[in-house]
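Structure file query03.pdb (PDB, C-alpha atoms) is printed below.
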ATOM      1  CA  MET A 744     214.252 130.720 -23.655
ATOM      2  CA  ALA A 745     212.183 133.665 -22.453
ATOM      3  CA  ASN A 746     211.710 134.217 -18.747
ATOM      4  CA  PHE A 747     208.823 132.411 -17.126
ATOM      5  CA  GLN A 748     205.871 134.657 -16.294
ATOM      6  CA  TRP A 749     204.775 133.972 -12.741
ATOM      7  CA  PRO A 750     201.071 134.499 -11.958
ATOM      8  CA  TRP A 751     200.134 137.285  -9.567
ATOM      9  CA  GLN A 752     199.413 134.757  -6.782
ATOM     10  CA  TYR A 753     203.083 133.774  -6.705
ATOM     11  CA  GLU A 754     203.883 137.129  -5.057
ATOM     12  CA  PHE A 755     201.006 136.767  -2.559
ATOM     13  CA  PRO A 756     202.289 135.120   0.670
ATOM     14  CA  PRO A 757     199.000 133.309   1.581
ATOM     15  CA  PHE A 758     199.261 131.429  -1.731
ATOM     16  CA  PHE A 759     201.995 129.333  -0.111
ATOM     17  CA  THR A 760     199.685 128.084   2.651
ATOM     18  CA  LEU A 761     196.742 125.926   1.639
ATOM     19  CA  GLN A 762     193.638 127.692   2.847
ATOM     20  CA  PRO A 763     191.096 126.023   5.168
ATOM     21  CA  ASN A 764     188.007 127.531   3.502
ATOM     22  CA  LEU A 765     186.855 124.934   0.949
ATOM     23  CA  GLU A 766     185.895 127.407  -1.809
ATOM     24  CA  THR A 767     189.136 129.348  -1.419
ATOM     25  CA  ARG A 768     191.154 126.137  -1.264
ATOM     26  CA  LYS A 769     189.478 124.842  -4.452
ATOM     27  CA  LYS A 770     190.484 128.002  -6.353
ATOM     28  CA  GLN A 771     193.946 127.902  -4.826
ATOM     29  CA  LEU A 772     194.497 124.266  -5.867
ATOM     30  CA  ALA A 773     193.333 125.098  -9.398
ATOM     31  CA  ALA A 774     195.805 127.994  -9.531
ATOM     32  CA  TRP A 775     198.628 125.768  -8.240
ATOM     33  CA  CYS A 776     197.782 123.052 -10.773
ATOM     34  CA  ASP A 777     197.845 125.603 -13.600
ATOM     35  CA  LEU A 778     201.150 126.966 -12.319
ATOM     36  CA  VAL A 779     202.805 123.531 -12.065
ATOM     37  CA  LEU A 780     201.761 122.643 -15.620
ATOM     38  CA  ALA A 781     202.737 126.044 -17.070
ATOM     39  CA  TYR A 782     206.134 125.926 -15.344
ATOM     40  CA  HIS A 783     206.878 122.420 -16.615
ATOM     41  CA  LYS A 784     205.699 123.325 -20.108
ATOM     42  CA  HIS A 785     207.818 126.485 -20.222
ATOM     43  CA  HIS A 786     210.938 124.667 -19.055
ATOM     44  CA  LYS A 787     210.121 121.487 -21.004
ATOM     45  CA  LEU A 788     210.309 119.386 -17.848
ATOM     46  CA  PHE A 789     208.605 116.001 -17.818
ATOM     47  CA  SER A 790     209.249 114.760 -14.291
ATOM     48  CA  LEU A 791     209.156 115.974 -10.737
ATOM     49  CA  ASP A 792     210.979 114.613  -7.699
ATOM     50  CA  LEU A 793     209.202 115.337  -4.432
ATOM     51  CA  LYS A 794     212.492 115.529  -2.510
ATOM     52  CA  GLU A 795     213.783 118.267  -4.810
ATOM     53  CA  ALA A 796     210.452 120.049  -5.278
ATOM     54  CA  GLN A 797     210.472 122.130  -2.128
ATOM     55  CA  SER A 798     213.767 123.791  -3.053
ATOM     56  CA  SER A 799     212.646 124.397  -6.645
ATOM     57  CA  PRO A 800     211.688 127.979  -7.578
ATOM     58  CA  LEU A 801     208.276 126.563  -8.441
ATOM     59  CA  PHE A 802     207.398 125.923  -4.802
ATOM     60  CA  ASN A 803     209.887 128.262  -3.136
ATOM     61  CA  ASN A 804     209.621 132.017  -3.695
ATOM     62  CA  SER A 805     212.794 133.367  -2.100
ATOM     63  CA  LYS A 806     211.791 136.928  -3.032
ATOM     64  CA  ILE A 807     208.958 136.883  -0.472
ATOM     65  CA  ASN A 808     210.586 134.219   1.719
ATOM     66  CA  ARG A 809     207.774 131.686   1.280
ATOM     67  CA  LYS A 810     207.771 128.032   0.338
ATOM     68  CA  LEU A 811     205.073 125.436   0.112
ATOM     69  CA  SER A 812     205.166 122.588   2.633
ATOM     70  CA  THR A 813     205.812 119.042   1.441
ATOM     71  CA  ASP A 814     202.272 118.080   2.510
ATOM     72  CA  SER A 815     200.829 120.910   0.419
ATOM     73  CA  ILE A 816     202.957 119.904  -2.579
ATOM     74  CA  CYS A 817     201.625 116.342  -2.191
ATOM     75  CA  THR A 818     198.053 117.672  -2.110
ATOM     76  CA  ILE A 819     198.637 119.595  -5.349
ATOM     77  CA  LEU A 820     200.259 116.594  -7.013
ATOM     78  CA  GLU A 821     197.336 114.370  -5.979
ATOM     79  CA  GLU A 822     194.977 116.900  -7.558
ATOM     80  CA  LEU A 823     197.056 116.772 -10.764
ATOM     81  CA  SER A 824     197.035 112.979 -10.601
ATOM     82  CA  ASN A 825     193.236 112.958 -10.314
ATOM     83  CA  LYS A 826     193.084 115.182 -13.414
ATOM     84  CA  GLY A 827     195.425 112.852 -15.338
ATOM     85  CA  ASN A 828     198.275 115.368 -15.625
ATOM     86  CA  ILE A 829     200.775 113.421 -13.550
ATOM     87  CA  GLU A 830     201.521 109.774 -13.088
ATOM     88  CA  TRP A 831     203.439 108.423 -10.127
ATOM     89  CA  THR A 832     206.474 106.317 -11.049
ATOM     90  CA  ASP A 833     206.773 104.623  -7.664
ATOM     91  CA  LYS A 834     204.438 103.276  -4.999
ATOM     92  CA  THR A 835     205.772 105.663  -2.349
ATOM     93  CA  LYS A 836     204.848 108.649  -4.555
ATOM     94  CA  THR A 837     208.223 110.373  -4.505
ATOM     95  CA  ARG A 838     208.602 110.827  -8.292
ATOM     96  CA  CYS A 839     206.084 111.527 -10.996
ATOM     97  CA  LEU A 840     205.827 112.084 -14.716
ATOM     98  CA  VAL A 841     204.285 115.417 -15.671
ATOM     99  CA  MET A 842     202.046 115.718 -18.702
ATOM    100  CA  TRP A 843     200.967 119.261 -19.495
ATOM    101  CA  ARG A 844     199.481 117.788 -22.670
ATOM    102  CA  THR A 845     197.879 114.378 -22.870
ATOM    103  CA  PRO A 846     199.499 111.713 -25.063
ATOM    104  CA  GLU A 847     196.525 112.142 -27.429
ATOM    105  CA  GLU A 848     197.202 115.889 -27.725
ATOM    106  CA  TRP A 849     200.898 115.222 -28.418
ATOM    107  CA  GLY A 850     199.862 112.617 -30.980
ATOM    108  CA  ASP A 851     197.641 115.152 -32.740
ATOM    109  CA  LEU A 852     200.530 117.657 -32.933
ATOM    110  CA  ILE A 853     202.882 115.025 -34.289
ATOM    111  CA  TYR A 854     200.343 113.820 -36.844
ATOM    112  CA  ARG A 855     199.637 117.381 -38.033
ATOM    113  CA  TRP A 856     203.384 117.826 -38.545
ATOM    114  CA  ALA A 857     203.631 114.505 -40.421
ATOM    115  CA  SER A 858     200.678 115.388 -42.648
ATOM    116  CA  SER A 859     201.823 118.921 -43.431
ATOM    117  CA  ASN A 860     205.370 117.725 -44.198
ATOM    118  CA  ALA A 861     204.315 114.901 -46.522
ATOM    119  CA  MET A 862     205.494 112.256 -44.075
ATOM    120  CA  THR A 863     202.473 110.002 -44.478
ATOM    121  CA  ASN A 864     203.325 106.559 -45.852
ATOM    122  CA  THR A 865     206.940 107.031 -44.819
ATOM    123  CA  VAL A 866     208.908 105.827 -41.822
ATOM    124  CA  CYS A 867     210.889 108.047 -39.506
ATOM    125  CA  THR A 868     212.821 107.153 -36.394
ATOM    126  CA  LEU A 869     211.744 108.253 -32.953
ATOM    127  CA  TYR A 870     215.042 110.106 -32.703
ATOM    128  CA  GLU A 871     214.227 112.074 -35.874
ATOM    129  CA  LEU A 872     210.875 113.068 -34.395
ATOM    130  CA  ALA A 873     212.201 114.176 -31.022
ATOM    131  CA  HIS A 874     215.602 115.566 -32.063
ATOM    132  CA  GLY A 875     215.732 115.896 -35.847
ATOM    133  CA  ASP A 876     216.492 118.947 -37.943
ATOM    134  CA  ASN A 877     213.006 118.820 -39.485
ATOM    135  CA  THR A 878     211.291 119.125 -36.111
ATOM    136  CA  LYS A 879     213.438 121.828 -34.454
ATOM    137  CA  GLN A 880     210.582 124.345 -34.520
ATOM    138  CA  GLU A 881     207.892 121.937 -33.319
ATOM    139  CA  ASP A 882     206.454 121.849 -29.812
ATOM    140  CA  PHE A 883     207.225 118.135 -29.572
ATOM    141  CA  VAL A 884     210.983 118.532 -30.134
ATOM    142  CA  GLY A 885     212.813 117.152 -27.113
ATOM    143  CA  LEU A 886     209.806 115.097 -26.033
ATOM    144  CA  GLU A 887     210.952 112.362 -23.707
ATOM    145  CA  ASP A 888     210.879 108.828 -25.085
ATOM    146  CA  TRP A 889     208.160 107.523 -22.737
ATOM    147  CA  LEU A 890     205.759 110.311 -23.716
ATOM    148  CA  LEU A 891     206.636 110.169 -27.413
ATOM    149  CA  LYS A 892     205.812 106.445 -27.460
ATOM    150  CA  ARG A 893     202.522 107.051 -25.651
ATOM    151  CA  ALA A 894     201.612 109.742 -28.175
ATOM    152  CA  LEU A 895     202.424 107.408 -31.057
ATOM    153  CA  ARG A 896     200.437 104.571 -29.435
ATOM    154  CA  ALA A 897     197.489 106.965 -29.278
ATOM    155  CA  LEU A 898     197.910 107.488 -33.041
ATOM    156  CA  GLU A 899     198.094 103.710 -33.508
ATOM    157  CA  LYS A 900     194.712 103.347 -31.780
ATOM    158  CA  GLN A 901     193.327 105.888 -34.253
ATOM    159  CA  ARG A 902     194.937 103.923 -37.127
ATOM    160  CA  LYS A 903     197.032 106.945 -38.094
ATOM    161  CA  ALA A 904     200.437 105.386 -37.348
ATOM    162  CA  GLU A 905     202.279 102.176 -36.632
ATOM    163  CA  LEU A 906     205.239 101.835 -34.281
ATOM    164  CA  MET A 907     208.026  99.569 -35.520
ATOM    165  CA  SER A 908     211.416  98.309 -34.436
ATOM    166  CA  PHE A 909     214.383  97.685 -36.683
ATOM    167  CA  GLY A 910     217.663  96.626 -35.126
ATOM    168  CA  ASN A 911     218.466  98.950 -32.260
ATOM    169  CA  SER A 912     216.203 101.697 -33.570
ATOM    170  CA  GLU A 913     212.523 102.377 -33.272
ATOM    171  CA  GLY A 914     210.422 104.181 -35.771
ATOM    172  CA  VAL A 915     206.930 105.053 -36.807
ATOM    173  CA  LYS A 916     205.052 104.934 -40.067
ATOM    174  CA  PHE A 917     202.291 107.489 -40.506
ATOM    175  CA  PHE A 918     199.165 106.742 -42.559
TER     176      PHE A 918
END

Please rewrite the model in this file as structure tokens.
Amino acid sequence: MANFQWPWQYEFPPFFTLQPNLETRKKQLAAWCDLVLAYHKHHKLFSLDLKEAQSSPLFNNSKINRKLSTDSICTILEELSNKGNIEWTDKTKTRCLVMWRTPEEWGDLIYRWASSNAMTNTVCTLYELAHGDNTKQEDFVGLEDWLLKRALRALEKQRKAELMSFGNSEGVKFF
């Protein structure tokens, strides 16, 4: 995997302190939100633990000896939550699921793959979709089960797919 390209702000020490000026803060939060999503997308990460976040390279630039405070990380995560890019997994807001693409966007990618590979009117397992040889080059390879199912449910709502269970396996039929 190629090295992650940090934005210019990441080398700018004031970036690691949320600014009091509302206009500046608004731009700063937008830049942090973009960075969090780009970082998770690049590394194919789908969750974030608040306890571990502050020591992560994402929020801790050891090169310039700056790290974002836990309160600032929470502010950024709330902004991402308001935008629909994260979902808290607990009431105390210590862990969240990160969605750099919406389930509908993932569903569209999966359906395009199914259509272009003549998979309509056939059934494939969820494992084949997320880990199969035929999907190795696709963006959705390695997609975590919870997000894969949400993407497929989005396709169900559009009447493009149907989720099914058989024995201990789950699958999907594309239309």

Study note, to complete from the structure: With distances taken over all atoms listed in the file, the candidate from A:Phe918, A:Trp775, A:Asn808, A:Trp751 nearest Gln901 in chain A is A:Phe918

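If you count all atoms listed in the file and ignore residues fewer than 6 places along the chain from Pro846 in chain A, what sits within 9 Å of it is Leu890, Leu891, Lys892, Arg893, Ala894, Leu895, Arg896 and Ala897 of chain A.
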
Review point. Counting only C-alpha atoms, which of A:Leu778, A:Gln771, A:Arg809, A:Gln762 gets nearest to Gln748 in chain A?
Key: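 Using only C-alpha atoms, Gln748 in chain A sits closest to A:Leu778.
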
Is there a way to get, as a PDB file with C-alpha atoms, in the coordinates of the input, all residues within 10 Å of the point (215.3, 113.3, -31.9) in file coordinates, counting only C-alpha atoms?
ATOM      1  CA  THR A 868     212.821 107.153 -36.394  1.00  0.00           C
ATOM      2  CA  LEU A 869     211.744 108.253 -32.953  1.00  0.00           C
ATOM      3  CA  TYR A 870     215.042 110.106 -32.703  1.00  0.00           C
ATOM      4  CA  GLU A 871     214.227 112.074 -35.874  1.00  0.00           C
ATOM      5  CA  LEU A 872     210.875 113.068 -34.395  1.00  0.00           C
ATOM      6  CA  ALA A 873     212.201 114.176 -31.022  1.00  0.00           C
ATOM      7  CA  HIS A 874     215.602 115.566 -32.063  1.00  0.00           C
ATOM      8  CA  GLY A 875     215.732 115.896 -35.847  1.00  0.00           C
ATOM      9  CA  ASP A 876     216.492 118.947 -37.943  1.00  0.00           C
ATOM     10  CA  ASN A 877     213.006 118.820 -39.485  1.00  0.00           C
ATOM     11  CA  THR A 878     211.291 119.125 -36.111  1.00  0.00           C
ATOM     12  CA  LYS A 879     213.438 121.828 -34.454  1.00  0.00           C
ATOM     13  CA  PHE A 883     207.225 118.135 -29.572  1.00  0.00           C
ATOM     14  CA  VAL A 884     210.983 118.532 -30.134  1.00  0.00           C
ATOM     15  CA  GLY A 885     212.813 117.152 -27.113  1.00  0.00           C
ATOM     16  CA  LEU A 886     209.806 115.097 -26.033  1.00  0.00           C
ATOM     17  CA  GLU A 887     210.952 112.362 -23.707  1.00  0.00           C
ATOM     18  CA  ASP A 888     210.879 108.828 -25.085  1.00  0.00           C
TER      19      ASP A 888
END

In the coordinate frame of the file, compute which residues have an atom within 12 Å of (198.6, 115.8, -6.0) when using only C-alpha atoms, and state them as a CSV table (one decimal) with C-alpha atoms, keeping the file's coordinate frame.
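out-v2.csv, freshly written:
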chain,number,residue,atom,x,y,z
A,772,LEU,CA,194.5,124.3,-5.9
A,773,ALA,CA,193.3,125.1,-9.4
A,775,TRP,CA,198.6,125.8,-8.2
A,776,CYS,CA,197.8,123.1,-10.8
A,779,VAL,CA,202.8,123.5,-12.1
A,791,LEU,CA,209.2,116.0,-10.7
A,793,LEU,CA,209.2,115.3,-4.4
A,813,THR,CA,205.8,119.0,1.4
A,814,ASP,CA,202.3,118.1,2.5
A,815,SER,CA,200.8,120.9,0.4
A,816,ILE,CA,203.0,119.9,-2.6
A,817,CYS,CA,201.6,116.3,-2.2
A,818,THR,CA,198.1,117.7,-2.1
A,819,ILE,CA,198.6,119.6,-5.3
A,820,LEU,CA,200.3,116.6,-7.0
A,821,GLU,CA,197.3,114.4,-6.0
A,822,GLU,CA,195.0,116.9,-7.6
A,823,LEU,CA,197.1,116.8,-10.8
A,824,SER,CA,197.0,113.0,-10.6
A,825,ASN,CA,193.2,113.0,-10.3
A,826,LYS,CA,193.1,115.2,-13.4
A,827,GLY,CA,195.4,112.9,-15.3
A,828,ASN,CA,198.3,115.4,-15.6
A,829,ILE,CA,200.8,113.4,-13.6
A,830,GLU,CA,201.5,109.8,-13.1
A,831,TRP,CA,203.4,108.4,-10.1
A,836,LYS,CA,204.8,108.6,-4.6
A,837,THR,CA,208.2,110.4,-4.5
A,838,ARG,CA,208.6,110.8,-8.3
A,839,CYS,CA,206.1,111.5,-11.0
A,840,LEU,CA,205.8,112.1,-14.7
A,841,VAL,CA,204.3,115.4,-15.7

Exercise for review: Write out as a list in words which residues come within 7 Å of Val866 in chain A when counting all atoms listed in the file, dropping same-chain ones fewer than 6 positions away.
Suggested key: Gly914, Val915, Lys916 and Phe917 of chain A

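Taking CA of Ala774 in chain A as the reference point, CA of Ile853 in chain A is found at 28.8 Å.
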
Review point. Which is closest to Thr845 in chain A among A:Ala796, A:Glu905, A:Gly910, A:Phe789, if we use only C-alpha atoms?
Key: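 Smallest separation from Thr845 in chain A among the options: A:Phe789.
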
Exercise for review: Would you mind telling me which residue in A:Ser799, A:Lys784, A:Thr760, A:Thr865 lies nearest to Arg844 in chain A when using all atoms listed in the file?
Suggested key: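 Between A:Ser799, A:Lys784, A:Thr760, A:Thr865, the residue approaching Arg844 in chain A most closely is A:Lys784.
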
Exercise for review: State, in Å with one decimal place, the distance from CA of Leu852 in chain A to CA of Tyr782 in chain A.
Suggested key: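 Value for the CA of Leu852 in chain A-CA of Tyr782 in chain A distance: 20.2 Å.
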
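Of the listed residues (A:Arg902, A:Leu801, A:Met862, A:Thr835), A:Leu801 comes nearest to Glu754 in chain A; the distances count only C-alpha atoms.
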
Exercise for review: Report the distance between CA of Gln752 in chain A and CA of Lys769 in chain A in Å, rounded to one decimal place.
Suggested key: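 These atoms are spaced 14.2 Å apart.
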
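For the set A:Gln797, A:Lys834, A:Ala904, A:Asn864, the residue with the smallest atom-to-atom gap to Gly850 in chain A is A:Ala904, counting all atoms listed in the file.
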
Box along x, y and z, 8 Å on every side, all listed atoms of range 786-797 of chain A inside: centre and edge lengths in Å to one decimal, as lines of an AutoDock Vina configuration file.
center_x = 211.2
center_y = 119.6
center_z = -11.6
size_x = 21.2
size_y = 26.1
size_z = 34.9
